[in-house]
Amino acid sequence: MGLPQLETCCFVFDLKTGNIIMGCLNAVMSFIITIIMTVVAASLPPLQEKAFEEKDLEAEAATTGLYVMSIILVLMFLAKFCFDVVFVYGVVVERAGIVRAYFFMWAVFFFLSMFTFFLNAPHYDAGTICVEVFYIGLNIYAILLSNSFYKQLNTREVV
């Protein structure tokens, strides 16, 4: 049993057009989350200094961990943005290898992103959490679309 196969995107577009749209949306969302995580990382040093001055070791350790995770997320989402752009190119030129590579990259990235985000979710504000939850849902649908398009490309090549 595998992933469900989709025939269309949003019941309107064909798989190729849907993958281009979802790839572009993913690229935009990856870029937005990169900016948000950069702002979060930039806002943490004053909190670290305050905890250091108050000699609150627990708060200092928490802000340091959050800072490191925010930097990791910035780098991950920046890489994801680059992969999203390559994915859109792969869909446009109908290269099954690029679509398959994106599928595997997405699976690894998805689990890493989920782990680091939910590990630090209590420290983020409501806006960041809402954007991330929307982004996760968008990526789940995008992976279903890309898998369906990959299968469609493979059956098209066999015939």
# chains A, B, ... in the order shown; residues from 1 in each chain; ligands from 1
>>> residues_around(residues="range 110-118 of chain A", least_positions_apart="3", cutoff="10 Å", atoms="only C-alpha atoms", output="list of chain:residue names")
A:Leu66, A:Met69, A:Ser70, A:Ile72, A:Leu73, A:Met76, A:Phe77, A:Lys80, A:Phe104, A:Met105, A:Trp106, A:Ala107, A:Ala121, A:Pro122, A:His123, A:Tyr124, A:Ile129, A:Glu132, A:Val133, A:Ile136, A:Asn139, A:Ile140
>>> residues_around(residues="range 58-65 of chain A", least_positions_apart="4", cutoff="12 Å", atoms="only C-alpha atoms", output="short mmCIF file (atom, residue, chain, number, x, y, z; two decimals) with N, CA, C and O atoms, in the first residue's frame")
data_model
loop_
_atom_site.label_atom_id
_atom_site.label_comp_id
_atom_site.auth_asym_id
_atom_site.auth_seq_id
_atom_site.Cartn_x
_atom_site.Cartn_y
_atom_site.Cartn_z
N VAL A 40 13.36 35.62 14.30
CA VAL A 40 13.35 34.97 15.62
C VAL A 40 14.78 34.84 16.14
O VAL A 40 15.06 35.15 17.30
N ALA A 41 15.69 34.39 15.27
CA ALA A 41 17.08 34.23 15.69
C ALA A 41 17.71 35.57 16.05
O ALA A 41 18.49 35.65 17.00
N ALA A 42 17.36 36.62 15.32
CA ALA A 42 17.93 37.93 15.60
C ALA A 42 17.37 38.54 16.88
O ALA A 42 18.03 39.36 17.52
N SER A 43 16.16 38.14 17.27
CA SER A 43 15.56 38.71 18.48
C SER A 43 15.99 37.99 19.76
O SER A 43 15.69 38.46 20.86
N LEU A 44 16.70 36.89 19.65
CA LEU A 44 17.07 36.12 20.84
C LEU A 44 18.31 36.61 21.59
O LEU A 44 18.36 36.45 22.82
N PRO A 45 19.32 37.19 20.95
CA PRO A 45 20.49 37.63 21.73
C PRO A 45 20.19 38.58 22.88
O PRO A 45 20.79 38.44 23.95
N PRO A 46 19.26 39.55 22.75
CA PRO A 46 18.95 40.36 23.95
C PRO A 46 18.38 39.54 25.10
O PRO A 46 18.68 39.82 26.27
N LEU A 47 17.60 38.51 24.79
CA LEU A 47 17.08 37.64 25.84
C LEU A 47 18.20 36.83 26.49
O LEU A 47 18.19 36.60 27.70
N GLN A 48 19.16 36.41 25.67
CA GLN A 48 20.31 35.68 26.21
C GLN A 48 21.12 36.57 27.14
O GLN A 48 21.55 36.13 28.20
N GLU A 49 21.34 37.82 26.73
CA GLU A 49 22.11 38.75 27.57
C GLU A 49 21.39 39.02 28.88
O GLU A 49 22.03 39.10 29.94
N LYS A 50 20.07 39.18 28.81
CA LYS A 50 19.29 39.42 30.04
C LYS A 50 19.40 38.23 30.99
O LYS A 50 19.60 38.40 32.19
N ALA A 51 19.28 37.01 30.45
CA ALA A 51 19.41 35.82 31.29
C ALA A 51 20.81 35.69 31.85
O ALA A 51 21.00 35.26 32.99
N PHE A 52 21.83 36.08 31.06
CA PHE A 52 23.21 36.02 31.53
C PHE A 52 23.43 37.02 32.67
O PHE A 52 24.10 36.70 33.66
N GLU A 53 22.90 38.22 32.52
CA GLU A 53 23.05 39.24 33.56
C GLU A 53 22.34 38.85 34.85
O GLU A 53 22.82 39.14 35.95
N GLU A 54 21.19 38.20 34.73
CA GLU A 54 20.45 37.77 35.90
C GLU A 54 20.95 36.45 36.47
O GLU A 54 20.44 35.96 37.47
N MET A 69 18.47 26.21 17.31
CA MET A 69 17.42 25.60 16.49
C MET A 69 16.91 26.57 15.44
O MET A 69 16.61 26.17 14.31
N SER A 70 16.78 27.84 15.78
CA SER A 70 16.32 28.83 14.82
C SER A 70 17.31 28.97 13.67
O SER A 70 16.92 29.07 12.50
N ILE A 71 18.60 28.96 13.97
CA ILE A 71 19.62 29.03 12.92
C ILE A 71 19.57 27.78 12.05
O ILE A 71 19.66 27.86 10.81
N ILE A 72 19.40 26.62 12.66
CA ILE A 72 19.28 25.37 11.88
C ILE A 72 18.07 25.44 10.97
O ILE A 72 18.14 25.06 9.80
N THR A 116 12.29 19.60 14.72
CA THR A 116 12.84 20.83 15.29
C THR A 116 11.76 21.85 15.60
O THR A 116 11.86 22.57 16.60
N LEU A 119 9.70 20.62 18.71
CA LEU A 119 10.56 20.66 19.88
C LEU A 119 10.57 22.07 20.49
O LEU A 119 10.60 22.22 21.71
N ASN A 120 10.52 23.08 19.61
CA ASN A 120 10.61 24.46 20.08
C ASN A 120 9.29 25.23 19.96
O ASN A 120 9.27 26.44 20.20
N PRO A 122 6.65 25.60 21.83
CA PRO A 122 6.17 26.39 22.97
C PRO A 122 6.84 27.77 23.09
O PRO A 122 6.29 28.67 23.71
N HIS A 123 7.99 27.94 22.45
CA HIS A 123 8.71 29.21 22.55
C HIS A 123 8.34 30.18 21.44
O HIS A 123 8.74 31.34 21.50
N TYR A 124 7.62 29.72 20.40
CA TYR A 124 7.26 30.59 19.28
C TYR A 124 5.94 31.28 19.55
O TYR A 124 5.11 30.79 20.31
#
>>> select_by_dssp(residues="chain A", states="alpha helix (DSSP H)", output="MDAnalysis selection string")
chainID A and resid 15:53 57:92 96:120 126:158
>>> closest_residue(among="A:Val12, A:Met22, A:Leu145, A:Val28", to="Phe103 in chain A", atoms="only C-alpha atoms")
A:Leu145
>>> residues_around(residues="Val131 in chain A", least_positions_apart="2", cutoff="10 Å", atoms="only C-alpha atoms", output="count of residues only")
12
